Amino acid sequence: MNNPASGNAALATRDLRHVWHPCTQMHDHESVPMVPIVRGEGAWLVDADGRRYLDGISSWWTNLFGHANPRIAAALAEQARTLEHVIFAGFTHEPAIELAEELVRITPPGLDRVFYADNGSAAIEVALKMSFHYWLNQGHGEKTRFIALTGSYHGETLGALSVSDVALYRKTYAPLLLTPFLAPSPDAYEGEPGESPEQTAKRRLGELRTLLERHAHETCAVIVEPLVQCAGGMRMYHPSYLSGLRVLCDEFAVHFIADEIAVGFGRTGTLFACEQAMVSPDFMCLSKGLTGGFLPLSAVLTSERIYQAFYAEYNAGKAFLHSHSYTGNPLACRVALETLAIFRDEPVLERNRQLAAHLARRLQPLRAHPHVADVRQTGMIAAIELVADKASRRPYPAAERRGLRVYLHGLQHGVLLRPLGNVVYFMPPYVVDASHIDLLVDTAIAGIERAVAD
């Protein structure tokens with residue numbers, strides 16, 4: 001640990017010589033530290049110099065039950081000694097079969113078919129292609145468009161980025177992308193003065209209806225992130241929007257794609273966000289927490305009706321010919337099964353509700369802060385909107401990078417916070433306790449004071 005050749009500085013130098021990191025302007029690392037992590041312990045990450053960091057963002061929202069969780073690690077090791085991988089075309093294996101059975105059991109009714117992929121963006125690609133292909137197989141090749149919400153984010157492969165509306169990610173690649181129809185987000189933060197979140201949702205559903213009246217004949221599906229638009233700034237909305245969306249999709253004969261990649265597996269207080277509206281989408285995309293943060297895996301669940309539209313003699317040309325080399329990887333499937341077993345064996349959601357209530361109490365004083373326009377929370381996701389002026393909600397200029405100041409303050413005080421622009425958020429692993437939440441909030445508050453100091 002004290003060997004300079006394997007310490008933070010040495011590893012960072014080696015890294016920056018060759019590695020190109022995601023979602024990063026690499027020039028930043030001339031002043032922003034690169035942090036080499038050598039091990040994880042529950043909610044903590046440990047760097048090469050022995051410094052510990054409380055993981056307040058679940059390592060990009062993937063980790064549920066702690067780093068190096070011994071139960072999940074044991075399942076992975078056992079599977080690795082048995083079968084690491086096999087082609088998933090014409091072959092199968094028990095971990096994939098059992099995982100599909102379990103996903104069908106725990107997801108909303110009617111999602112009876114499971115298609116595996118490698119990551120969240122790949123799952124979105126599958127759902128988009130499958131929706132279009134369904135309509136093509138049904139004789140509706142004119143349906144080639146999608147409806148997404150303003151402020152939405154669904155991934156960074158070209159198809160997933162096509163149905164995203166975060167300019168930071170989309171603008172550069174716009175010439176390469178499909179152009180979706182954009183429906184106004186039901187984001188409660190953008191509600192009219194005096195309007196409740198439910199009233200905002202109702203008004204936005206009316207605007208979606210108008211869009212569908214014009215374009216349903218050419219639309220395959222509406223894609224949404226249920227309850228929380230995560231990468232778009234942790235914007236949150238009322239569950240009634242989802243129930244209204246289900247009604248509209250049925251009325252206008254378009255699919256409902258639920259992107260539960262970030263919000264699934266307990267993040268919003270229920271196992272899946274759609275449960276809070278008591279709706280079943282036509283496609284549900286899952287990833288991130290599916291494997292407890294151990295390995296890449298995603299799944300797209302859909303209905304028997306949609307599956308049957310592809311089921312035909314080979315010469316009919318209706319097969320869904322989409323594949324990934326690591327589809328249904330046995331290692332990933334086995335750790336996913338162990339992750340889901342923890343939900344069965346332990347009172348995870350009940351404990352999360354207690355933690356979420358404690359988080360809400362700790363964040364309450366920030367509502368009066370002169371540079372905080374909004375404090376919002378859905379389950380184990382909470383966000384603080386920093387603004388230059390509270391009364392007008394005038395944002396800080398993006399170039400000032402106020403959120404980066406919060407991030408750097410967190411690192412200096414042993415906490416991993418990674419704001420989205422000027423939105424400071426919390427999405428910790430479920431193994432935190434009240435004292436961890438206190439540390440997260442106290443560090444964030446101090447970081448906010450530093451960020452708004454001039």
# chains A, B, ... in the order shown; residues from 1 in each chain; ligands from 1

call {"tool": "residues_around", "arguments": {"residues": "segment 66-71 of chain A", "least_positions_apart": "3", "cutoff": "12 Å", "atoms": "only C-alpha atoms", "output": "ChimeraX atom specification"}}
result
/A:37-46,53-59,61-63,74-78,289,291-295,334-342,428-433

call {"tool": "residues_around", "arguments": {"residues": "Tyr153 of chain A", "least_positions_apart": "6", "cutoff": "12 Å", "atoms": "only C-alpha atoms", "output": "PDB file with N, CA, C and O atoms, in the first residue's frame"}}
result
ATOM      1  N   GLY A 120     -27.116  -1.571 -20.869  1.00  0.00           N
ATOM      2  CA  GLY A 120     -28.353  -0.811 -20.977  1.00  0.00           C
ATOM      3  C   GLY A 120     -28.623  -0.278 -22.362  1.00  0.00           C
ATOM      4  O   GLY A 120     -29.742  -0.393 -22.878  1.00  0.00           O
ATOM      5  N   SER A 121     -27.619   0.317 -23.003  1.00  0.00           N
ATOM      6  CA  SER A 121     -27.814   0.842 -24.353  1.00  0.00           C
ATOM      7  C   SER A 121     -28.213  -0.260 -25.314  1.00  0.00           C
ATOM      8  O   SER A 121     -29.070  -0.064 -26.183  1.00  0.00           O
ATOM      9  N   ILE A 124     -31.857  -1.039 -24.995  1.00  0.00           N
ATOM     10  CA  ILE A 124     -32.695  -0.054 -25.685  1.00  0.00           C
ATOM     11  C   ILE A 124     -32.703  -0.327 -27.183  1.00  0.00           C
ATOM     12  O   ILE A 124     -33.751  -0.279 -27.841  1.00  0.00           O
ATOM     13  N   GLY A 159     -28.805   4.191 -31.763  1.00  0.00           N
ATOM     14  CA  GLY A 159     -30.249   4.056 -31.608  1.00  0.00           C
ATOM     15  C   GLY A 159     -30.730   4.620 -30.285  1.00  0.00           C
ATOM     16  O   GLY A 159     -31.706   5.369 -30.222  1.00  0.00           O
ATOM     17  N   ALA A 160     -30.032   4.271 -29.202  1.00  0.00           N
ATOM     18  CA  ALA A 160     -30.417   4.762 -27.878  1.00  0.00           C
ATOM     19  C   ALA A 160     -30.268   6.275 -27.792  1.00  0.00           C
ATOM     20  O   ALA A 160     -31.113   6.972 -27.209  1.00  0.00           O
ATOM     21  N   LEU A 161     -29.209   6.799 -28.386  1.00  0.00           N
ATOM     22  CA  LEU A 161     -29.006   8.244 -28.391  1.00  0.00           C
ATOM     23  C   LEU A 161     -30.063   8.951 -29.236  1.00  0.00           C
ATOM     24  O   LEU A 161     -30.435  10.094 -28.958  1.00  0.00           O
ATOM     25  N   SER A 162     -30.574   8.252 -30.242  1.00  0.00           N
ATOM     26  CA  SER A 162     -31.608   8.831 -31.100  1.00  0.00           C
ATOM     27  C   SER A 162     -32.870   9.178 -30.328  1.00  0.00           C
ATOM     28  O   SER A 162     -33.586  10.109 -30.692  1.00  0.00           O
ATOM     29  N   VAL A 163     -33.173   8.412 -29.283  1.00  0.00           N
ATOM     30  CA  VAL A 163     -34.385   8.677 -28.504  1.00  0.00           C
ATOM     31  C   VAL A 163     -34.051   9.370 -27.189  1.00  0.00           C
ATOM     32  O   VAL A 163     -34.827   9.331 -26.234  1.00  0.00           O
ATOM     33  N   SER A 164     -32.890  10.012 -27.150  1.00  0.00           N
ATOM     34  CA  SER A 164     -32.473  10.799 -25.991  1.00  0.00           C
ATOM     35  C   SER A 164     -32.539  12.285 -26.328  1.00  0.00           C
ATOM     36  O   SER A 164     -32.439  12.675 -27.492  1.00  0.00           O
ATOM     37  N   ASP A 165     -32.685  13.105 -25.291  1.00  0.00           N
ATOM     38  CA  ASP A 165     -32.834  14.545 -25.512  1.00  0.00           C
ATOM     39  C   ASP A 165     -31.983  15.333 -24.524  1.00  0.00           C
ATOM     40  O   ASP A 165     -32.442  16.298 -23.924  1.00  0.00           O
ATOM     41  N   VAL A 166     -30.748  14.881 -24.325  1.00  0.00           N
ATOM     42  CA  VAL A 166     -29.798  15.640 -23.526  1.00  0.00           C
ATOM     43  C   VAL A 166     -28.737  16.152 -24.491  1.00  0.00           C
ATOM     44  O   VAL A 166     -27.954  15.379 -25.045  1.00  0.00           O
ATOM     45  N   ALA A 167     -28.728  17.451 -24.720  1.00  0.00           N
ATOM     46  CA  ALA A 167     -27.876  18.031 -25.765  1.00  0.00           C
ATOM     47  C   ALA A 167     -26.406  17.713 -25.564  1.00  0.00           C
ATOM     48  O   ALA A 167     -25.662  17.521 -26.534  1.00  0.00           O
ATOM     49  N   LEU A 168     -25.960  17.632 -24.319  1.00  0.00           N
ATOM     50  CA  LEU A 168     -24.567  17.342 -24.027  1.00  0.00           C
ATOM     51  C   LEU A 168     -24.097  16.076 -24.741  1.00  0.00           C
ATOM     52  O   LEU A 168     -22.963  16.000 -25.220  1.00  0.00           O
ATOM     53  N   TYR A 169     -24.984  15.073 -24.804  1.00  0.00           N
ATOM     54  CA  TYR A 169     -24.629  13.807 -25.429  1.00  0.00           C
ATOM     55  C   TYR A 169     -25.049  13.746 -26.897  1.00  0.00           C
ATOM     56  O   TYR A 169     -24.387  13.115 -27.722  1.00  0.00           O
ATOM     57  N   ARG A 170     -26.151  14.380 -27.222  1.00  0.00           N
ATOM     58  CA  ARG A 170     -26.764  14.197 -28.538  1.00  0.00           C
ATOM     59  C   ARG A 170     -26.244  15.144 -29.617  1.00  0.00           C
ATOM     60  O   ARG A 170     -26.116  14.757 -30.780  1.00  0.00           O
ATOM     61  N   SER A 185     -41.906  16.605 -21.167  1.00  0.00           N
ATOM     62  CA  SER A 185     -41.743  15.779 -19.966  1.00  0.00           C
ATOM     63  C   SER A 185     -42.742  16.179 -18.887  1.00  0.00           C
ATOM     64  O   SER A 185     -43.021  17.370 -18.709  1.00  0.00           O
ATOM     65  N   ILE A 223     -41.184   5.841 -25.600  1.00  0.00           N
ATOM     66  CA  ILE A 223     -40.195   5.334 -24.648  1.00  0.00           C
ATOM     67  C   ILE A 223     -40.014   6.336 -23.523  1.00  0.00           C
ATOM     68  O   ILE A 223     -39.856   7.535 -23.762  1.00  0.00           O
ATOM     69  N   VAL A 224     -40.058   5.838 -22.283  1.00  0.00           N
ATOM     70  CA  VAL A 224     -39.913   6.705 -21.113  1.00  0.00           C
ATOM     71  C   VAL A 224     -39.049   6.025 -20.066  1.00  0.00           C
ATOM     72  O   VAL A 224     -38.951   4.792 -20.013  1.00  0.00           O
ATOM     73  N   GLU A 225     -38.445   6.842 -19.204  1.00  0.00           N
ATOM     74  CA  GLU A 225     -37.821   6.374 -17.972  1.00  0.00           C
ATOM     75  C   GLU A 225     -38.877   6.537 -16.876  1.00  0.00           C
ATOM     76  O   GLU A 225     -39.222   7.666 -16.523  1.00  0.00           O
ATOM     77  N   PRO A 226     -39.417   5.477 -16.344  1.00  0.00           N
ATOM     78  CA  PRO A 226     -40.497   5.610 -15.373  1.00  0.00           C
ATOM     79  C   PRO A 226     -40.077   6.334 -14.088  1.00  0.00           C
ATOM     80  O   PRO A 226     -39.083   5.989 -13.459  1.00  0.00           O
ATOM     81  N   VAL A 228     -38.353   8.681 -12.885  1.00  0.00           N
ATOM     82  CA  VAL A 228     -37.157   9.513 -12.741  1.00  0.00           C
ATOM     83  C   VAL A 228     -36.388   9.544 -14.056  1.00  0.00           C
ATOM     84  O   VAL A 228     -35.994   8.490 -14.571  1.00  0.00           O
ATOM     85  N   GLN A 229     -36.183  10.740 -14.592  1.00  0.00           N
ATOM     86  CA  GLN A 229     -35.321  10.916 -15.759  1.00  0.00           C
ATOM     87  C   GLN A 229     -33.910  11.168 -15.226  1.00  0.00           C
ATOM     88  O   GLN A 229     -33.548  12.283 -14.884  1.00  0.00           O
ATOM     89  N   CYS A 230     -33.128  10.116 -15.174  1.00  0.00           N
ATOM     90  CA  CYS A 230     -31.908  10.133 -14.368  1.00  0.00           C
ATOM     91  C   CYS A 230     -30.814  11.025 -14.942  1.00  0.00           C
ATOM     92  O   CYS A 230     -30.471  12.048 -14.360  1.00  0.00           O
ATOM     93  N   ALA A 231     -30.225  10.657 -16.071  1.00  0.00           N
ATOM     94  CA  ALA A 231     -29.098  11.419 -16.605  1.00  0.00           C
ATOM     95  C   ALA A 231     -29.515  12.810 -17.058  1.00  0.00           C
ATOM     96  O   ALA A 231     -28.670  13.684 -17.234  1.00  0.00           O
ATOM     97  N   GLY A 232     -30.804  13.032 -17.239  1.00  0.00           N
ATOM     98  CA  GLY A 232     -31.307  14.351 -17.596  1.00  0.00           C
ATOM     99  C   GLY A 232     -31.399  15.307 -16.421  1.00  0.00           C
ATOM    100  O   GLY A 232     -31.954  16.397 -16.557  1.00  0.00           O
ATOM    101  N   GLY A 233     -30.879  14.909 -15.264  1.00  0.00           N
ATOM    102  CA  GLY A 233     -30.877  15.785 -14.099  1.00  0.00           C
ATOM    103  C   GLY A 233     -31.721  15.286 -12.941  1.00  0.00           C
ATOM    104  O   GLY A 233     -32.140  16.067 -12.089  1.00  0.00           O
ATOM    105  N   MET A 234     -31.972  13.959 -12.895  1.00  0.00           N
ATOM    106  CA  MET A 234     -32.786  13.382 -11.830  1.00  0.00           C
ATOM    107  C   MET A 234     -34.127  14.101 -11.711  1.00  0.00           C
ATOM    108  O   MET A 234     -34.599  14.435 -10.625  1.00  0.00           O
ATOM    109  N   ARG A 235     -34.754  14.355 -12.865  1.00  0.00           N
ATOM    110  CA  ARG A 235     -36.082  14.975 -12.887  1.00  0.00           C
ATOM    111  C   ARG A 235     -37.134  13.902 -12.572  1.00  0.00           C
ATOM    112  O   ARG A 235     -37.067  12.794 -13.099  1.00  0.00           O
ATOM    113  N   ASP A 259     -37.979   2.119 -19.864  1.00  0.00           N
ATOM    114  CA  ASP A 259     -36.545   2.025 -19.624  1.00  0.00           C
ATOM    115  C   ASP A 259     -36.328   2.049 -18.111  1.00  0.00           C
ATOM    116  O   ASP A 259     -36.205   3.106 -17.508  1.00  0.00           O
ATOM    117  N   GLU A 260     -36.284   0.862 -17.511  1.00  0.00           N
ATOM    118  CA  GLU A 260     -36.059   0.757 -16.066  1.00  0.00           C
ATOM    119  C   GLU A 260     -34.604   0.389 -15.766  1.00  0.00           C
ATOM    120  O   GLU A 260     -34.288  -0.167 -14.709  1.00  0.00           O
ATOM    121  N   ILE A 261     -33.715   0.723 -16.676  1.00  0.00           N
ATOM    122  CA  ILE A 261     -32.304   0.373 -16.519  1.00  0.00           C
ATOM    123  C   ILE A 261     -31.729   0.969 -15.242  1.00  0.00           C
ATOM    124  O   ILE A 261     -31.043   0.290 -14.474  1.00  0.00           O
ATOM    125  N   ALA A 262     -31.996   2.243 -15.001  1.00  0.00           N
ATOM    126  CA  ALA A 262     -31.472   2.900 -13.797  1.00  0.00           C
ATOM    127  C   ALA A 262     -32.432   2.828 -12.625  1.00  0.00           C
ATOM    128  O   ALA A 262     -31.997   2.799 -11.469  1.00  0.00           O
TER     129      ALA A 262
END

call {"tool": "select_by_dssp", "arguments": {"residues": "segment 225-334 of chain A", "states": "strand (DSSP E)", "output": "ChimeraX atom specification"}}
result
/A:228-229,235-236,255-259,283-286,298-302

call {"tool": "write_last_selection", "arguments": {"atoms": "all heavy atoms", "output": "CSV table (one decimal), in the first residue's frame"}}
result
chain,number,residue,atom,x,y,z
A,228,VAL,N,-38.4,8.7,-12.9
A,228,VAL,CA,-37.2,9.5,-12.7
A,228,VAL,C,-36.4,9.5,-14.1
A,228,VAL,O,-36.0,8.5,-14.6
A,228,VAL,CB,-36.2,9.0,-11.6
A,228,VAL,CG1,-35.1,10.0,-11.4
A,228,VAL,CG2,-37.0,8.8,-10.3
A,229,GLN,N,-36.2,10.7,-14.6
A,229,GLN,CA,-35.3,10.9,-15.8
A,229,GLN,C,-33.9,11.2,-15.2
A,229,GLN,O,-33.5,12.3,-14.9
A,229,GLN,CB,-35.8,12.1,-16.6
A,229,GLN,CG,-37.2,11.8,-17.2
A,229,GLN,CD,-37.6,13.0,-18.1
A,229,GLN,OE1,-38.2,13.9,-17.6
A,229,GLN,NE2,-37.4,12.9,-19.4
A,235,ARG,N,-34.8,14.4,-12.9
A,235,ARG,CA,-36.1,15.0,-12.9
A,235,ARG,C,-37.1,13.9,-12.6
A,235,ARG,O,-37.1,12.8,-13.1
A,235,ARG,CB,-36.3,15.6,-14.2
A,235,ARG,CG,-35.4,16.8,-14.6
A,235,ARG,CD,-35.4,17.8,-13.5
A,235,ARG,NE,-34.5,18.9,-13.7
A,235,ARG,CZ,-34.7,20.0,-14.4
A,235,ARG,NH1,-35.9,20.2,-14.9
A,235,ARG,NH2,-33.8,21.0,-14.5
A,236,MET,N,-38.1,14.2,-11.8
A,236,MET,CA,-39.1,13.3,-11.2
A,236,MET,C,-40.5,13.7,-11.6
A,236,MET,O,-40.8,14.9,-11.7
A,236,MET,CB,-38.9,13.1,-9.7
A,236,MET,CG,-37.4,12.7,-9.4
A,236,MET,SD,-37.1,12.6,-7.6
A,236,MET,CE,-35.3,12.2,-7.6
A,255,HIS,N,-46.5,1.1,-29.0
A,255,HIS,CA,-46.0,0.4,-27.9
A,255,HIS,C,-45.5,1.3,-26.8
A,255,HIS,O,-45.2,2.5,-27.1
A,255,HIS,CB,-44.8,-0.5,-28.3
A,255,HIS,CG,-45.1,-1.6,-29.2
A,255,HIS,ND1,-44.3,-2.0,-30.3
A,255,HIS,CD2,-46.2,-2.5,-29.2
A,255,HIS,CE1,-44.9,-3.1,-30.9
A,255,HIS,NE2,-46.0,-3.4,-30.2
A,256,PHE,N,-45.5,0.8,-25.6
A,256,PHE,CA,-45.0,1.5,-24.4
A,256,PHE,C,-43.7,0.8,-24.0
A,256,PHE,O,-43.7,-0.4,-23.6
A,256,PHE,CB,-46.1,1.4,-23.3
A,256,PHE,CG,-45.7,1.9,-21.9
A,256,PHE,CD1,-44.4,2.4,-21.6
A,256,PHE,CD2,-46.6,1.8,-20.9
A,256,PHE,CE1,-44.1,2.8,-20.3
A,256,PHE,CE2,-46.3,2.2,-19.6
A,256,PHE,CZ,-45.1,2.7,-19.3
A,257,ILE,N,-42.6,1.5,-24.2
A,257,ILE,CA,-41.2,1.0,-23.8
A,257,ILE,C,-40.9,1.6,-22.4
A,257,ILE,O,-40.7,2.9,-22.4
A,257,ILE,CB,-40.2,1.3,-24.8
A,257,ILE,CG1,-40.5,0.6,-26.2
A,257,ILE,CG2,-38.8,0.7,-24.3
A,257,ILE,CD1,-39.5,1.0,-27.3
A,258,ALA,N,-40.7,0.8,-21.4
A,258,ALA,CA,-40.2,1.3,-20.1
A,258,ALA,C,-38.7,1.1,-19.9
A,258,ALA,O,-38.3,-0.1,-19.9
A,258,ALA,CB,-41.0,0.6,-19.0
A,259,ASP,N,-38.0,2.1,-19.9
A,259,ASP,CA,-36.5,2.0,-19.6
A,259,ASP,C,-36.3,2.0,-18.1
A,259,ASP,O,-36.2,3.1,-17.5
A,259,ASP,CB,-35.8,3.2,-20.3
A,259,ASP,CG,-34.4,3.3,-20.0
A,259,ASP,OD1,-33.9,2.4,-19.2
A,259,ASP,OD2,-33.7,4.2,-20.6
A,283,PHE,N,-42.6,-3.3,-23.5
A,283,PHE,CA,-41.2,-3.7,-23.3
A,283,PHE,C,-40.7,-3.1,-22.0
A,283,PHE,O,-40.9,-1.9,-21.8
A,283,PHE,CB,-40.4,-3.2,-24.5
A,283,PHE,CG,-40.8,-3.7,-25.9
A,283,PHE,CD1,-41.7,-3.0,-26.6
A,283,PHE,CD2,-40.3,-4.9,-26.4
A,283,PHE,CE1,-42.1,-3.4,-27.9
A,283,PHE,CE2,-40.6,-5.3,-27.6
A,283,PHE,CZ,-41.6,-4.6,-28.4
A,284,MET,N,-39.9,-3.9,-21.3
A,284,MET,CA,-39.3,-3.4,-20.1
A,284,MET,C,-37.8,-3.7,-20.3
A,284,MET,O,-37.4,-4.9,-20.4
A,284,MET,CB,-39.8,-4.0,-18.8
A,284,MET,CG,-39.1,-3.5,-17.6
A,284,MET,SD,-39.7,-4.2,-16.0
A,284,MET,CE,-41.1,-3.1,-15.8
A,285,CYS,N,-36.9,-2.6,-20.2
A,285,CYS,CA,-35.5,-2.8,-20.3
A,285,CYS,C,-34.9,-2.7,-19.0
A,285,CYS,O,-35.1,-1.8,-18.2
A,285,CYS,CB,-34.9,-1.7,-21.2
A,285,CYS,SG,-35.6,-1.6,-22.9
A,286,LEU,N,-34.0,-3.7,-18.7
A,286,LEU,CA,-33.4,-3.8,-17.4
A,286,LEU,C,-31.9,-4.0,-17.5
A,286,LEU,O,-31.4,-4.7,-18.5
A,286,LEU,CB,-33.9,-5.1,-16.6
A,286,LEU,CG,-35.4,-5.1,-16.4
A,286,LEU,CD1,-35.8,-6.4,-15.7
A,286,LEU,CD2,-35.9,-3.9,-15.5
A,298,SER,N,-27.9,-7.2,-19.6
A,298,SER,CA,-29.2,-6.5,-19.7
A,298,SER,C,-30.3,-7.5,-20.2
A,298,SER,O,-29.9,-8.6,-20.7
A,298,SER,CB,-29.2,-5.3,-20.6
A,298,SER,OG,-28.8,-5.6,-21.9
A,299,ALA,N,-31.5,-7.1,-20.0
A,299,ALA,CA,-32.6,-8.0,-20.4
A,299,ALA,C,-33.7,-7.1,-20.9
A,299,ALA,O,-34.0,-6.0,-20.3
A,299,ALA,CB,-33.1,-8.9,-19.3
A,300,VAL,N,-34.4,-7.5,-22.0
A,300,VAL,CA,-35.6,-6.9,-22.5
A,300,VAL,C,-36.7,-7.9,-22.3
A,300,VAL,O,-36.7,-9.0,-22.9
A,300,VAL,CB,-35.5,-6.5,-23.9
A,300,VAL,CG1,-36.8,-5.8,-24.4
A,300,VAL,CG2,-34.3,-5.5,-24.1
A,301,LEU,N,-37.7,-7.5,-21.5
A,301,LEU,CA,-38.9,-8.3,-21.3
A,301,LEU,C,-40.0,-7.8,-22.2
A,301,LEU,O,-40.2,-6.6,-22.3
A,301,LEU,CB,-39.3,-8.4,-19.9
A,301,LEU,CG,-38.5,-9.3,-19.0
A,301,LEU,CD1,-37.2,-8.6,-18.5
A,301,LEU,CD2,-39.3,-9.8,-17.8
A,302,THR,N,-40.8,-8.7,-22.8
A,302,THR,CA,-41.9,-8.3,-23.6
A,302,THR,C,-43.0,-9.4,-23.5
A,302,THR,O,-42.9,-10.4,-22.8
A,302,THR,CB,-41.5,-8.1,-25.1
A,302,THR,OG1,-42.5,-7.5,-25.8
A,302,THR,CG2,-41.1,-9.4,-25.8

call {"tool": "atom_distance", "arguments": {"atom1": "atom CA of Arg246 of chain A", "atom2": "atom CA of Tyr189 of chain A"}}
result
22.8 Å

call {"tool": "residues_around", "arguments": {"residues": "Ala5 of chain A", "least_positions_apart": "6", "cutoff": "12 Å", "atoms": "only C-alpha atoms", "output": "PDB file with N, CA and C atoms, in the first residue's frame"}}
result
ATOM      1  N   LEU A  11      -0.003   4.836 -10.505  1.00  0.00           N
ATOM      2  CA  LEU A  11      -1.071   4.214 -11.298  1.00  0.00           C
ATOM      3  C   LEU A  11      -1.774   5.240 -12.172  1.00  0.00           C
ATOM      4  N   ALA A  12      -1.994   6.446 -11.646  1.00  0.00           N
ATOM      5  CA  ALA A  12      -2.633   7.491 -12.447  1.00  0.00           C
ATOM      6  C   ALA A  12      -1.768   7.847 -13.649  1.00  0.00           C
ATOM      7  N   THR A  13      -0.460   7.919 -13.459  1.00  0.00           N
ATOM      8  CA  THR A  13       0.439   8.231 -14.570  1.00  0.00           C
ATOM      9  C   THR A  13       0.371   7.159 -15.645  1.00  0.00           C
ATOM     10  N   ARG A  14       0.398   5.900 -15.236  1.00  0.00           N
ATOM     11  CA  ARG A  14       0.287   4.807 -16.212  1.00  0.00           C
ATOM     12  C   ARG A  14      -1.044   4.842 -16.935  1.00  0.00           C
ATOM     13  N   ALA A  48      -5.350   3.372  -4.055  1.00  0.00           N
ATOM     14  CA  ALA A  48      -4.035   2.739  -3.947  1.00  0.00           C
ATOM     15  C   ALA A  48      -3.187   3.313  -2.827  1.00  0.00           C
ATOM     16  N   ASP A  49      -3.573   4.467  -2.301  1.00  0.00           N
ATOM     17  CA  ASP A  49      -2.872   5.034  -1.140  1.00  0.00           C
ATOM     18  C   ASP A  49      -3.591   4.727   0.167  1.00  0.00           C
TER      19      ASP A  49
END

call {"tool": "closest_residue", "arguments": {"among": "A:Pro347, A:Pro193, A:Pro175, A:Pro296", "to": "Gly328 of chain A", "atoms": "only C-alpha atoms"}}
result
A:Pro296

call {"tool": "select_by_dssp", "arguments": {"residues": "segment 13-166 of chain A", "states": "alpha helix (DSSP H)", "output": "PyMOL selection string"}}
result
chain A and resi 13-18+58-61+70-80+94-106+120-137+158-162

call {"tool": "atom_distance", "arguments": {"atom1": "atom CA of Arg113 of chain A", "atom2": "atom CA of Val126 of chain A"}}
result
13.1 Å

call {"tool": "residues_around", "arguments": {"residues": "Gly191 of chain A", "least_positions_apart": "5", "cutoff": "9 Å", "atoms": "only C-alpha atoms", "output": "number ranges by chain"}}
result
A: 186, 196-197, 199-201
